[in-house]
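In what follows, a structure is listed as structure tokens, so that the remarks can point back to it.
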Amino acid sequence: MLSRWSKFKQLRHFATGSLVALALAACATAPGQSGRSSATDKQPLGRLVVAVPDQEHDLIAQLLAGEMALTRTDLKAASQAYSRAAQLSPDPKVAEQAAALAIAVRDTAAAQAAIARWQALGAKPAPLAQARAQLALSQGNTEEARRQLEILVGTGDPDAWRQFGRVLVGSRDAAQASALLEAIATPQRLPADPQAWLAMSELGDKLGRHAYALQIAEAAVKRFGTAETYAWLGQMKYRDGDRTGAKALFDKAMAKDPKDTHLRLAYATLLGQGGDYTAAAKLLDNGPQDADTYAMRAALAARAKDTKTINRLYTQLQRAPEDVRQGSAYLLGQLAEMLDKKEDALKWYDQVADDDDHAFDADLRSAILLEDLGRSAEAHEQLAQMQTDYLDQPAMLRRAYEVDAELYMDEQQYLQAERAFSRALQVNPDDPALLYGRGLAYAEAGQTDQAVTDLRRLLQLKPDDTDASNALGYTLADANRDLPEAQRLIEQARAARPDDPAILDSWGWLQYRLGHLDQAETTLRGAWTAHKDADVGVHLGEVLWKQGRQEDARRVFDEVRKMDPQSINLHNTLKRLNP
């Protein structure tokens, strides 16, 4: 596609040409007339008649129509407009664009006409052969595609092998493309350029021709011995399970170019994948640093839970050159969070540029941090702004609503949580995670029927979802209804995760509802021992109380109160047991 600037210059050229033609027409006289004006014509242009072409023959109109169709991604309409423009324009670039679009929409007749016009206007041999090869491949004509590809690489054009690769990458038939690659891109024919060898090896690997890719990679190492050729062969050896061979090749690559940042990152990635995080970190610690090396060093330190290194990285990155520091604002925020410097993290996230890939994540983390800092109103205000900012981006809008709902759940504001989940479900209907969240919000708000509806719908969508089975079983048991169904669901969850404290809590609470107090006490005590969760403690305390062991129950309730002083469940239970 022509660039916007090229298109502007081209249209300006055509417009200028039209003005020149108009001036020439003004100077011309009709046959049989003198060039002298009659006495009655006071203005020389008063008698001039200009023929205005219809839209079909108006070059600028066709070019504009083609560009407008491209902005709508209507390739068929764009192809038709450019095909007409190609026949009107003396510019070979217009014909080239017409050919590319016709090939893309598989309009053989239009493609052939555009290619013929392009050739007549002086197309260069290499791009012309490339277009003809693409057309042949789209028709399934392997023989003609090979002939044109042979012409392409034989032109000696410095861009020929790149164009060759583009033709094969665009093929709809991987087997056909693979056969042509192996037949033409042989070690004997490839140019004295290591980049071309690497490109063909990578293309072979992408097309599933591993033996060919390995052959070209090994030949490239022997012929050129550059850092890149060693590194690429090292990656292939690593994927083949030869870690020793891969490391040896990367060591040779590093010896060739020890300061190359991309090379160090690739080697560190390989070491990290092999579990040698210490070696990977050491490799990245030395040599030039940029945003990518800092990010990977931080990831390695986080994985190793190395707070000392995280602190050192945070200090180093704050002192990095301004462009690196500004481009790493999100990473600085993450490091500050890891170091529990929440206010600092907020400041860094606020510096993430709107066009940064992490802008959304920075806004989201800011909202969560505001909640952690006890600034709930600001957190929800931040999320409300995000819900406006990302209104046209469904995935991000859904996530903003979901986090809003999760914060409301943490605040035990269940009705607001339900509303946020419901808005998210308007964006993504029947989203399992959202149905699960809203079902829990309904249950906590005491709206059992709505909770059961959501959780049953979730199990229709995902019948084997253990969390949904447990949640629905517990909701029914807690409401003391449909207990046989509750038992079936919780048994299903127990079979999948027999030691899960949450599922044990559900099972113990079901036994309490069934009147099996001893079994309930045993199960709930096991869950409480495994995981000191406030709700489990409340359930255990209630069972103990009903067994007549009020002192034991009070001790458990006291523990729960220390864990969660604001527990609504504890408050309601104590009010019910000791009115």
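Ligands are numbered from 1 in the order shown, chains are lettered A, B, ... in the order of the structure tokens, and residues start at 1 in each chain.
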Got a sec: who's within 8 Å of Tyr294 in chain A, counting only C-alpha atoms, leaving out chain neighbours fewer than 5 positions off, as a CSV table (one decimal) with N, CA and C atoms, in the first residue's frame?
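So the final result, stored in selection-v4.csv, reads:
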```csv
chain,number,residue,atom,x,y,z
A,289,GLN,N,22.9,-2.0,29.3
A,289,GLN,CA,21.6,-2.3,29.8
A,289,GLN,C,20.6,-1.4,29.0
A,313,LEU,N,18.1,-3.6,41.6
A,313,LEU,CA,17.6,-3.2,40.3
A,313,LEU,C,16.7,-1.9,40.3
A,317,LEU,N,17.7,1.2,38.1
A,317,LEU,CA,16.8,1.7,37.0
A,317,LEU,C,16.4,3.1,37.3
```
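Summary of the local environment: counting only C-alpha atoms, residues at most 8 Å from Leu434 in chain A, other than itself and those fewer than 6 positions away along its chain, are Glu402, Phe421, Ala424 and Leu425 of chain A.
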Give me, as JSON lines, the closest atom pair and its distance (Å, one decimal) for every residue of range 207-272 of chain A within a cut-off of 9 Å of range 162-184 of chain A, counting only C-alpha atoms, rows sorted by chain and rising number.
```
{"residue": "A:Leu207", "atom": "CA", "partner": "A:Ala174", "partner_atom": "CA", "distance": 6.3}
{"residue": "A:Gly208", "atom": "CA", "partner": "A:Ser178", "partner_atom": "CA", "distance": 8.1}
{"residue": "A:Arg209", "atom": "CA", "partner": "A:Ser178", "partner_atom": "CA", "distance": 7.1}
{"residue": "A:Tyr212", "atom": "CA", "partner": "A:Glu182", "partner_atom": "CA", "distance": 7.1}
```
Discussion item. Just want the 9 Å neighbourhood of range 325-329 of chain A, counted on only C-alpha atoms, with same-chain residues fewer than 3 positions away dropped. Output as a ChimeraX atom specification.
Written reply: /A:291-292,294-295,317-322,332-334,348-353,356
Restricting it to N, CA, C and O atoms, dump the selection as a PDB file, in the first residue's frame.
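And here's result-v5.pdb as it stands now:
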```pdb
ATOM      1  N   ALA A 291      15.900  -1.220  28.439  1.00  0.00           N
ATOM      2  CA  ALA A 291      14.628  -1.547  29.098  1.00  0.00           C
ATOM      3  C   ALA A 291      14.380  -3.053  29.119  1.00  0.00           C
ATOM      4  O   ALA A 291      13.846  -3.597  30.096  1.00  0.00           O
ATOM      5  N   ASP A 292      14.754  -3.749  28.048  1.00  0.00           N
ATOM      6  CA  ASP A 292      14.508  -5.194  27.966  1.00  0.00           C
ATOM      7  C   ASP A 292      15.377  -5.982  28.950  1.00  0.00           C
ATOM      8  O   ASP A 292      14.907  -6.943  29.567  1.00  0.00           O
ATOM      9  N   TYR A 294      16.646  -4.868  31.766  1.00  0.00           N
ATOM     10  CA  TYR A 294      16.142  -4.603  33.112  1.00  0.00           C
ATOM     11  C   TYR A 294      14.887  -5.437  33.385  1.00  0.00           C
ATOM     12  O   TYR A 294      14.718  -5.987  34.478  1.00  0.00           O
ATOM     13  N   ALA A 295      13.991  -5.514  32.390  1.00  0.00           N
ATOM     14  CA  ALA A 295      12.746  -6.259  32.579  1.00  0.00           C
ATOM     15  C   ALA A 295      13.016  -7.739  32.826  1.00  0.00           C
ATOM     16  O   ALA A 295      12.406  -8.352  33.711  1.00  0.00           O
ATOM     17  N   LEU A 317      17.715   1.211  38.095  1.00  0.00           N
ATOM     18  CA  LEU A 317      16.813   1.680  37.045  1.00  0.00           C
ATOM     19  C   LEU A 317      16.400   3.131  37.268  1.00  0.00           C
ATOM     20  O   LEU A 317      16.203   3.885  36.309  1.00  0.00           O
ATOM     21  N   GLN A 318      16.306   3.545  38.510  1.00  0.00           N
ATOM     22  CA  GLN A 318      15.991   4.952  38.784  1.00  0.00           C
ATOM     23  C   GLN A 318      17.122   5.870  38.338  1.00  0.00           C
ATOM     24  O   GLN A 318      16.897   7.059  38.064  1.00  0.00           O
ATOM     25  N   ARG A 319      18.349   5.318  38.266  1.00  0.00           N
ATOM     26  CA  ARG A 319      19.505   6.121  37.848  1.00  0.00           C
ATOM     27  C   ARG A 319      19.854   5.922  36.373  1.00  0.00           C
ATOM     28  O   ARG A 319      20.841   6.460  35.896  1.00  0.00           O
ATOM     29  N   ALA A 320      19.049   5.139  35.672  1.00  0.00           N
ATOM     30  CA  ALA A 320      19.311   4.859  34.257  1.00  0.00           C
ATOM     31  C   ALA A 320      19.099   6.122  33.426  1.00  0.00           C
ATOM     32  O   ALA A 320      18.491   7.093  33.906  1.00  0.00           O
ATOM     33  N   PRO A 321      19.599   6.152  32.185  1.00  0.00           N
ATOM     34  CA  PRO A 321      19.347   7.305  31.314  1.00  0.00           C
ATOM     35  C   PRO A 321      17.852   7.599  31.217  1.00  0.00           C
ATOM     36  O   PRO A 321      17.016   6.691  31.331  1.00  0.00           O
ATOM     37  N   GLU A 322      17.531   8.848  30.978  1.00  0.00           N
ATOM     38  CA  GLU A 322      16.135   9.286  31.045  1.00  0.00           C
ATOM     39  C   GLU A 322      15.233   8.493  30.112  1.00  0.00           C
ATOM     40  O   GLU A 322      14.115   8.128  30.477  1.00  0.00           O
ATOM     41  N   LEU A 332       9.257  -0.035  36.883  1.00  0.00           N
ATOM     42  CA  LEU A 332       9.597   0.597  38.159  1.00  0.00           C
ATOM     43  C   LEU A 332       8.435   0.490  39.157  1.00  0.00           C
ATOM     44  O   LEU A 332       8.633   0.256  40.348  1.00  0.00           O
ATOM     45  N   GLY A 333       7.219   0.643  38.645  1.00  0.00           N
ATOM     46  CA  GLY A 333       6.053   0.471  39.501  1.00  0.00           C
ATOM     47  C   GLY A 333       5.954  -0.945  40.039  1.00  0.00           C
ATOM     48  O   GLY A 333       5.661  -1.147  41.233  1.00  0.00           O
ATOM     49  N   GLN A 334       6.221  -1.934  39.190  1.00  0.00           N
ATOM     50  CA  GLN A 334       6.185  -3.326  39.639  1.00  0.00           C
ATOM     51  C   GLN A 334       7.250  -3.602  40.693  1.00  0.00           C
ATOM     52  O   GLN A 334       6.987  -4.277  41.698  1.00  0.00           O
ATOM     53  N   TRP A 348       4.963   5.881  39.986  1.00  0.00           N
ATOM     54  CA  TRP A 348       5.535   5.357  38.739  1.00  0.00           C
ATOM     55  C   TRP A 348       4.429   4.999  37.746  1.00  0.00           C
ATOM     56  O   TRP A 348       4.552   5.297  36.554  1.00  0.00           O
ATOM     57  N   TYR A 349       3.377   4.347  38.211  1.00  0.00           N
ATOM     58  CA  TYR A 349       2.287   3.972  37.304  1.00  0.00           C
ATOM     59  C   TYR A 349       1.647   5.208  36.686  1.00  0.00           C
ATOM     60  O   TYR A 349       1.205   5.179  35.529  1.00  0.00           O
ATOM     61  N   ASP A 350       1.629   6.294  37.428  1.00  0.00           N
ATOM     62  CA  ASP A 350       1.055   7.538  36.912  1.00  0.00           C
ATOM     63  C   ASP A 350       1.905   8.112  35.781  1.00  0.00           C
ATOM     64  O   ASP A 350       1.419   8.906  34.980  1.00  0.00           O
ATOM     65  N   GLN A 351       3.185   7.713  35.714  1.00  0.00           N
ATOM     66  CA  GLN A 351       4.080   8.218  34.674  1.00  0.00           C
ATOM     67  C   GLN A 351       4.085   7.362  33.407  1.00  0.00           C
ATOM     68  O   GLN A 351       4.760   7.700  32.429  1.00  0.00           O
ATOM     69  N   VAL A 352       3.346   6.258  33.421  1.00  0.00           N
ATOM     70  CA  VAL A 352       3.284   5.405  32.224  1.00  0.00           C
ATOM     71  C   VAL A 352       2.513   6.158  31.134  1.00  0.00           C
ATOM     72  O   VAL A 352       1.387   6.606  31.353  1.00  0.00           O
ATOM     73  N   ALA A 353       3.125   6.290  29.971  1.00  0.00           N
ATOM     74  CA  ALA A 353       2.514   7.067  28.882  1.00  0.00           C
ATOM     75  C   ALA A 353       1.250   6.383  28.363  1.00  0.00           C
ATOM     76  O   ALA A 353       1.115   5.155  28.422  1.00  0.00           O
ATOM     77  N   ASP A 356       1.843   3.688  25.877  1.00  0.00           N
ATOM     78  CA  ASP A 356       2.662   2.559  26.322  1.00  0.00           C
ATOM     79  C   ASP A 356       1.825   1.288  26.305  1.00  0.00           C
ATOM     80  O   ASP A 356       0.627   1.302  26.601  1.00  0.00           O
TER      81      ASP A 356
END
```
Discussion item. What does the structure give for the distance between CA of Pro484 in chain A and CA of Thr522 in chain A, in Å to one decimal?
Written reply: 21.0 Å
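CA of Ala123 in chain A to CA of Pro158 in chain A spans 16.2 Å [interatomic distance, one decimal].
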Discussion item. Report, in Å to a single decimal, how far apart CA of Ala362 in chain A and CA of Gly272 in chain A are.
Written reply: 26.4 Å
